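Q: Handing over structure_12.pdb, PDB, C-alpha atoms.
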MODEL        1
ATOM      1  CA  MET A1301      -3.681  11.798 -32.800
ATOM      2  CA  ARG A1302      -3.537  13.718 -29.541
ATOM      3  CA  ILE A1303      -0.250  12.990 -27.811
ATOM      4  CA  ALA A1304       0.974  14.134 -24.394
ATOM      5  CA  PHE A1305       4.660  14.064 -23.474
ATOM      6  CA  VAL A1306       5.357  13.542 -19.763
ATOM      7  CA  VAL A1307       8.879  14.645 -18.817
ATOM      8  CA  GLY A1308      10.928  16.088 -15.992
ATOM      9  CA  ARG A1309      12.173  19.390 -17.441
ATOM     10  CA  PHE A1310      11.183  21.222 -20.597
ATOM     11  CA  PRO A1311      12.779  22.748 -22.510
ATOM     12  CA  ALA A1312      16.024  20.996 -21.566
ATOM     13  CA  LEU A1313      18.996  22.005 -23.698
ATOM     14  CA  SER A1314      20.581  18.553 -23.513
ATOM     15  CA  GLU A1315      17.453  16.536 -24.368
ATOM     16  CA  THR A1316      17.284  17.180 -28.101
ATOM     17  CA  PHE A1317      15.858  13.685 -28.628
ATOM     18  CA  ILE A1318      12.627  14.737 -26.900
ATOM     19  CA  LEU A1319      12.465  18.024 -28.805
ATOM     20  CA  ASN A1320      12.993  16.232 -32.129
ATOM     21  CA  GLN A1321      10.183  13.781 -31.400
ATOM     22  CA  ILE A1322       7.789  16.587 -30.523
ATOM     23  CA  THR A1323       8.556  18.700 -33.593
ATOM     24  CA  GLY A1324       8.499  15.625 -35.828
ATOM     25  CA  LEU A1325       5.017  14.712 -34.608
ATOM     26  CA  LEU A1326       3.803  18.290 -35.083
ATOM     27  CA  ASP A1327       5.211  18.290 -38.627
ATOM     28  CA  ARG A1328       3.148  15.154 -39.287
ATOM     29  CA  GLY A1329      -0.062  16.871 -38.205
ATOM     30  CA  HIS A1330      -0.490  15.449 -34.705
ATOM     31  CA  GLU A1331      -1.613  17.475 -31.681
ATOM     32  CA  VAL A1332       1.107  17.521 -29.038
ATOM     33  CA  ASP A1333       1.192  18.925 -25.498
ATOM     34  CA  ILE A1334       4.002  18.691 -22.954
ATOM     35  CA  TYR A1335       3.604  18.103 -19.202
ATOM     36  CA  ALA A1336       6.772  18.805 -17.225
ATOM     37  CA  ASP A1337       7.794  19.252 -13.618
ATOM     38  CA  LYS A1338       9.599  22.524 -14.277
ATOM     39  CA  PRO A1339      11.367  24.531 -17.001
ATOM     40  CA  GLU A1340      15.118  24.616 -17.332
ATOM     41  CA  ASP A1341      16.638  27.877 -18.592
ATOM     42  CA  PHE A1342      14.612  29.863 -21.102
ATOM     43  CA  ALA A1343      17.690  32.004 -21.752
ATOM     44  CA  GLN A1344      19.345  28.946 -23.307
ATOM     45  CA  MET A1345      17.065  26.858 -25.466
ATOM     46  CA  HIS A1346      16.851  25.521 -28.994
ATOM     47  CA  SER A1347      15.299  27.768 -31.613
ATOM     48  CA  GLU A1348      12.595  25.171 -32.309
ATOM     49  CA  VAL A1349      11.002  25.905 -28.932
ATOM     50  CA  GLU A1350      10.016  29.359 -30.180
ATOM     51  CA  GLN A1351       9.569  28.315 -33.826
ATOM     52  CA  TYR A1352       6.927  25.734 -32.872
ATOM     53  CA  LYS A1353       5.524  27.845 -30.002
ATOM     54  CA  LEU A1354       6.154  24.965 -27.622
ATOM     55  CA  ARG A1355       5.967  27.112 -24.508
ATOM     56  CA  GLU A1356       2.270  27.591 -25.293
ATOM     57  CA  ARG A1357       1.879  23.795 -25.374
ATOM     58  CA  THR A1358       3.658  23.156 -22.079
ATOM     59  CA  TYR A1359       2.020  22.729 -18.658
ATOM     60  CA  TYR A1360       4.055  22.627 -15.465
ATOM     61  CA  LEU A1361       3.467  20.789 -12.222
ATOM     62  CA  GLY A1362       4.096  23.976 -10.229
ATOM     63  CA  MET A1363       4.660  22.097  -6.977
ATOM     64  CA  PRO A1364       6.624  23.980  -4.269
ATOM     65  CA  GLY A1365       9.504  22.145  -2.639
ATOM     66  CA  GLY A1366       8.596  22.960   0.975
ATOM     67  CA  ARG A1367       5.896  20.861   2.607
ATOM     68  CA  LEU A1368       4.079  23.867   4.120
ATOM     69  CA  GLN A1369       4.000  25.821   0.853
ATOM     70  CA  ARG A1370       3.000  22.672  -1.001
ATOM     71  CA  THR A1371       0.124  22.099   1.407
ATOM     72  CA  VAL A1372      -1.205  25.664   1.239
ATOM     73  CA  LYS A1373      -1.084  25.822  -2.554
ATOM     74  CA  GLY A1374      -2.394  22.250  -2.848
ATOM     75  CA  LEU A1375      -5.448  23.037  -0.718
ATOM     76  CA  GLY A1376      -6.174  25.995  -2.975
ATOM     77  CA  LEU A1377      -5.943  23.774  -6.059
ATOM     78  CA  LEU A1378      -8.160  21.201  -4.377
ATOM     79  CA  LEU A1379     -10.864  23.734  -3.503
ATOM     80  CA  ALA A1380     -10.789  25.321  -6.957
ATOM     81  CA  ASN A1381     -11.009  22.046  -8.859
ATOM     82  CA  PHE A1382     -12.864  19.626  -6.570
ATOM     83  CA  PRO A1383     -16.335  20.301  -8.047
ATOM     84  CA  LYS A1384     -15.050  19.288 -11.492
ATOM     85  CA  LYS A1385     -13.514  15.914 -10.576
ATOM     86  CA  PRO A1386     -14.240  15.094  -6.923
ATOM     87  CA  GLY A1387     -13.579  11.359  -7.206
ATOM     88  CA  VAL A1388     -10.319  11.741  -9.101
ATOM     89  CA  LEU A1389      -8.951  14.416  -6.793
ATOM     90  CA  GLY A1390      -9.980  12.412  -3.754
ATOM     91  CA  ARG A1391      -8.105   9.364  -5.046
ATOM     92  CA  SER A1392      -5.033  11.494  -5.806
ATOM     93  CA  LEU A1393      -4.699  12.121  -2.055
ATOM     94  CA  ASP A1394      -5.012   8.469  -0.985
ATOM     95  CA  SER A1395      -1.790   8.344   1.028
ATOM     96  CA  LYS A1396      -2.249   4.690   1.976
ATOM     97  CA  LYS A1397      -2.292   3.562  -1.653
ATOM     98  CA  TYR A1398       0.055   6.137  -3.219
ATOM     99  CA  ASN A1399       2.770   6.712  -0.676
ATOM    100  CA  PHE A1400       6.399   7.825  -0.629
ATOM    101  CA  ALA A1401       7.761   4.541   0.682
ATOM    102  CA  LYS A1402       6.272   2.588  -2.207
ATOM    103  CA  TYR A1403       6.566   5.040  -5.100
ATOM    104  CA  ARG A1404       9.375   7.339  -3.916
ATOM    105  CA  GLU A1405       9.105  10.834  -5.459
ATOM    106  CA  GLN A1406       6.054   9.943  -7.572
ATOM    107  CA  GLY A1407       4.156   9.195  -4.377
ATOM    108  CA  SER A1408       5.507  12.072  -2.317
ATOM    109  CA  PHE A1409       3.082  14.300  -0.445
ATOM    110  CA  MET A1410       0.440  15.813  -2.779
ATOM    111  CA  ARG A1411       2.430  15.078  -5.959
ATOM    112  CA  LEU A1412      -0.422  13.164  -7.601
ATOM    113  CA  LEU A1413      -2.781  16.045  -6.827
ATOM    114  CA  TYR A1414      -0.436  18.518  -8.516
ATOM    115  CA  ALA A1415       0.032  16.125 -11.440
ATOM    116  CA  THR A1416      -3.740  15.653 -11.824
ATOM    117  CA  VAL A1417      -4.807  19.303 -11.949
ATOM    118  CA  PRO A1418      -3.290  20.208 -15.364
ATOM    119  CA  PHE A1419      -5.363  17.455 -17.014
ATOM    120  CA  ILE A1420      -8.748  18.384 -15.528
ATOM    121  CA  ASP A1421      -9.969  20.628 -18.350
ATOM    122  CA  LYS A1422      -8.120  18.904 -21.204
ATOM    123  CA  LYS A1423      -9.623  16.762 -23.936
ATOM    124  CA  PRO A1424      -8.522  13.106 -23.708
ATOM    125  CA  TYR A1425      -5.208  12.102 -25.259
ATOM    126  CA  ASP A1426      -4.673   9.012 -27.396
ATOM    127  CA  VAL A1427      -1.115   8.392 -26.211
ATOM    128  CA  PHE A1428       1.092   9.482 -23.333
ATOM    129  CA  HIS A1429       4.778   9.300 -24.224
ATOM    130  CA  CYS A1430       6.795   9.289 -21.008
ATOM    131  CA  HIS A1431      10.541   9.810 -21.057
ATOM    132  CA  PHE A1432      12.314   7.939 -18.261
ATOM    133  CA  ALA A1433      10.708   5.230 -16.169
ATOM    134  CA  ALA A1434       9.730   7.456 -13.232
ATOM    135  CA  TYR A1435       7.432   9.491 -15.494
ATOM    136  CA  GLY A1436       5.915   6.350 -16.950
ATOM    137  CA  LEU A1437       5.119   5.343 -13.379
ATOM    138  CA  ARG A1438       3.476   8.715 -12.808
ATOM    139  CA  ALA A1439       1.316   8.253 -15.894
ATOM    140  CA  VAL A1440       0.071   4.797 -14.900
ATOM    141  CA  LEU A1441      -0.772   6.091 -11.419
ATOM    142  CA  LEU A1442      -2.701   8.979 -12.995
ATOM    143  CA  ARG A1443      -4.569   6.583 -15.247
ATOM    144  CA  GLU A1444      -5.323   4.289 -12.320
ATOM    145  CA  ILE A1445      -7.039   7.090 -10.391
ATOM    146  CA  GLY A1446      -8.974   8.173 -13.502
ATOM    147  CA  ALA A1447      -7.144  11.460 -14.124
ATOM    148  CA  ILE A1448      -6.153  10.432 -17.655
ATOM    149  CA  SER A1449      -7.010   7.796 -20.235
ATOM    150  CA  GLY A1450      -5.181   6.607 -23.332
ATOM    151  CA  LYS A1451      -2.214   4.362 -24.038
ATOM    152  CA  ILE A1452       1.022   4.825 -22.085
ATOM    153  CA  LEU A1453       4.366   4.460 -23.849
ATOM    154  CA  THR A1454       7.509   4.772 -21.720
ATOM    155  CA  THR A1455      11.006   5.306 -23.097
ATOM    156  CA  PHE A1456      13.822   3.933 -20.947
ATOM    157  CA  HIS A1457      17.127   5.770 -21.324
ATOM    158  CA  GLY A1458      19.509   3.557 -19.360
ATOM    159  CA  PHE A1459      20.156   4.787 -15.815
ATOM    160  CA  ASP A1460      16.435   4.715 -14.975
ATOM    161  CA  VAL A1461      16.377   0.913 -15.269
ATOM    162  CA  SER A1462      19.909   0.232 -14.065
ATOM    163  CA  SER A1463      21.733   1.771 -11.118
ATOM    164  CA  TYR A1464      18.940   4.198 -10.186
ATOM    165  CA  ALA A1465      16.298   1.485  -9.902
ATOM    166  CA  ARG A1466      18.555  -0.884  -7.995
ATOM    167  CA  GLN A1467      19.689   1.799  -5.555
ATOM    168  CA  THR A1468      16.121   2.823  -4.712
ATOM    169  CA  ASN A1469      13.982  -0.305  -4.784
ATOM    170  CA  PRO A1470      14.020  -3.160  -7.322
ATOM    171  CA  GLU A1471      10.222  -3.327  -7.044
ATOM    172  CA  PHE A1472       9.822   0.411  -7.622
ATOM    173  CA  TYR A1473       8.465   0.002 -11.167
ATOM    174  CA  GLN A1474       6.256  -3.056 -10.779
ATOM    175  CA  LYS A1475       3.036  -1.086 -11.342
ATOM    176  CA  LEU A1476       4.571   0.548 -14.421
ATOM    177  CA  PHE A1477       5.515  -2.867 -15.810
ATOM    178  CA  ALA A1478       2.090  -4.282 -14.987
ATOM    179  CA  LEU A1479      -0.014  -1.421 -16.374
ATOM    180  CA  GLY A1480       2.089   0.263 -19.076
ATOM    181  CA  ASP A1481       1.179  -0.472 -22.702
ATOM    182  CA  ALA A1482       4.614  -0.406 -24.365
ATOM    183  CA  TYR A1483       8.254   0.488 -23.690
ATOM    184  CA  THR A1484      11.093   1.578 -25.959
ATOM    185  CA  VAL A1485      14.834   1.183 -25.477
ATOM    186  CA  ASN A1486      17.859   2.125 -27.553
ATOM    187  CA  THR A1487      20.057  -0.899 -26.791
ATOM    188  CA  THR A1488      19.757  -4.585 -25.967
ATOM    189  CA  PHE A1489      21.633  -3.869 -22.728
ATOM    190  CA  THR A1490      18.931  -1.426 -21.570
ATOM    191  CA  ALA A1491      16.236  -3.906 -22.601
ATOM    192  CA  ASN A1492      17.861  -6.670 -20.567
ATOM    193  CA  ASN A1493      18.127  -4.381 -17.530
ATOM    194  CA  ALA A1494      14.417  -3.576 -17.785
ATOM    195  CA  ILE A1495      13.540  -7.269 -18.174
ATOM    196  CA  SER A1496      15.639  -8.164 -15.126
ATOM    197  CA  LEU A1497      13.547  -5.694 -13.104
ATOM    198  CA  GLY A1498      10.280  -7.264 -14.285
ATOM    199  CA  CYS A1499       9.406  -5.505 -17.554
ATOM    200  CA  PRO A1500       7.493  -7.831 -19.936
ATOM    201  CA  PRO A1501       9.865  -8.647 -22.858
ATOM    202  CA  GLY A1502       6.967  -8.776 -25.333
ATOM    203  CA  LYS A1503       6.143  -5.104 -24.699
ATOM    204  CA  ILE A1504       9.682  -3.799 -25.316
ATOM    205  CA  ILE A1505      10.546  -2.241 -28.678
ATOM    206  CA  LYS A1506      14.218  -1.592 -29.498
ATOM    207  CA  LEU A1507      14.720   1.460 -31.681
TER
ENDMDL
END
How would this structure read if it were set down as structure tokens?
A:
Amino acid sequence: MRIAFVVGRFPALSETFILNQITGLLDRGHEVDIYADKPEDFAQMHSEVEQYKLRERTYYLGMPGGRLQRTVKGLGLLLANFPKKPGVLGRSLDSKKYNFAKYREQGSFMRLLYATVPFIDKKPYDVFHCHFAAYGLRAVLLREIGAISGKILTTFHGFDVSSYARQTNPEFYQKLFALGDAYTVNTTFTANNAISLGCPPGKIIKL
């Protein structure tokens, strides 16, 4: 299978659970790529990152923090890639449908454009494994605009479906719950939190 991991930072020294899943899948003969917002500290990382050549499998969002820099670089990405996927890139900039107020950081200015570009020249993936609910939301938005295809599995880790979700917007993840294919949790407590926010119980798998 071709599997894409969608995460915030990679490699992250503290997130050995993600690293172990990736190396375990590679050991079993699967193709694995990683899509992350940014790297952490390459000076401090687990030996498996180099052993499995994971830096060569990792693609970063590369989105500047400042709005002006983000706009200038984003326009360059748009011009360079528009002939390849004009419809997809056009939809990624639909600010009325994918906006900050509704999707918080996943809908912030040009984020979907930056998230779309790394997938333009890639072969389709069978599964997207997203760690933390916000990255599952990103994946379903990308699939909705046609940037990706394949099943979307989201792993909830606790805070992403508890205090974080309630402090931002209880309806923040409704599209994720409506369009995601499956969700994993590590405790019944986390499962119940996700269900209370609207996650379909029948799609939750407790590991």
Q: I'd like the residues picked by the PyMOL selection byres ((chain A and resi 1304-1308) around 6) written out as a PyMOL selection string, using the chain letters and numbers from the file.
A: chain A and resi 1303+1309+1332-1337+1428-1431
Q: What do you get, as a PyMOL selection string, if you spell out every residue that the PyMOL selection byres ((chain A and resi 1498-1500) around 9) selects here?
A: chain A and resi 1470-1471+1473-1474+1476-1478+1483+1491+1493-1497+1501-1504
Q: Under the rule that all atoms listed in the file are counted, which of A:Ala1439, A:Ala1434, A:Leu1313, A:Leu1375 is the nearest residue to Thr1416 of chain A?
A: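 Using all atoms listed in the file, the shortest distance to Thr1416 of chain A belongs to A:Ala1439.
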Q: I'd like to see the residues matched by the PyMOL selection byres ((chain A and resi 1378-1393) around 9) on this file, and ideally I'd get them as a ChimeraX atom specification.
A: /A:1373-1377,1394-1398,1409-1417,1420-1421,1441-1442,1445-1447
Q: From the set A:Leu1354, A:Val1440, A:Ile1318, A:Leu1507, which residue has the shortest atom-to-atom contact distance to Thr1487 of chain A, counting all atoms listed in the file?
A: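 Result for the nearest residue to Thr1487 of chain A: A:Leu1507.
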Q: Could you pull the residues within 12 Å of Arg1302 of chain A, counting all atoms listed in the file, minus those fewer than 6 positions along the same chain, as a compact mmCIF listing (two decimals) with C-alpha atoms, in the coordinates of the input?
A:
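As a result, selection.txt now contains:
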# COMPACT_ATOMS: atom_id res chain seq x y z
CA ILE A 1322 7.79 16.59 -30.52
CA LEU A 1325 5.02 14.71 -34.61
CA LEU A 1326 3.80 18.29 -35.08
CA ARG A 1328 3.15 15.15 -39.29
CA GLY A 1329 -0.06 16.87 -38.20
CA HIS A 1330 -0.49 15.45 -34.70
CA GLU A 1331 -1.61 17.48 -31.68
CA VAL A 1332 1.11 17.52 -29.04
CA ASP A 1333 1.19 18.92 -25.50
CA ILE A 1334 4.00 18.69 -22.95
CA LYS A 1422 -8.12 18.90 -21.20
CA LYS A 1423 -9.62 16.76 -23.94
CA PRO A 1424 -8.52 13.11 -23.71
CA TYR A 1425 -5.21 12.10 -25.26
CA ASP A 1426 -4.67 9.01 -27.40
CA VAL A 1427 -1.12 8.39 -26.21
CA PHE A 1428 1.09 9.48 -23.33
CA HIS A 1429 4.78 9.30 -24.22
CA SER A 1449 -7.01 7.80 -20.24
CA GLY A 1450 -5.18 6.61 -23.33
CA LYS A 1451 -2.21 4.36 -24.04
Q: Do you have the atom CA of Phe1489 of chain A-atom CA of Thr1455 of chain A distance handy?
A: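 It comes out at 14.0 Å.
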Q: Could you check the closest approach to Gln1321 of chain A for each of A:Glu1444, A:Glu1348, A:Pro1418, A:Gly1480 and tell me which residue wins, using all atoms listed in the file?
A: A:Glu1348
Q: Would you please work out which residue, of A:His1457, A:Leu1361, A:Val1372, A:Glu1340, is nearest to Phe1317 of chain A when using all atoms listed in the file?
A: A:His1457
Q: As JSON, please: the centre and edge lengths in Å, to one decimal, of an axis-aligned box enclosing every listed atom of segment 1330-1344 of chain A with 4 Å added on each side.
A:
{"center_x": 8.9, "center_y": 23.7, "center_z": -24.2, "size_x": 29.0, "size_y": 24.6, "size_z": 29.1}
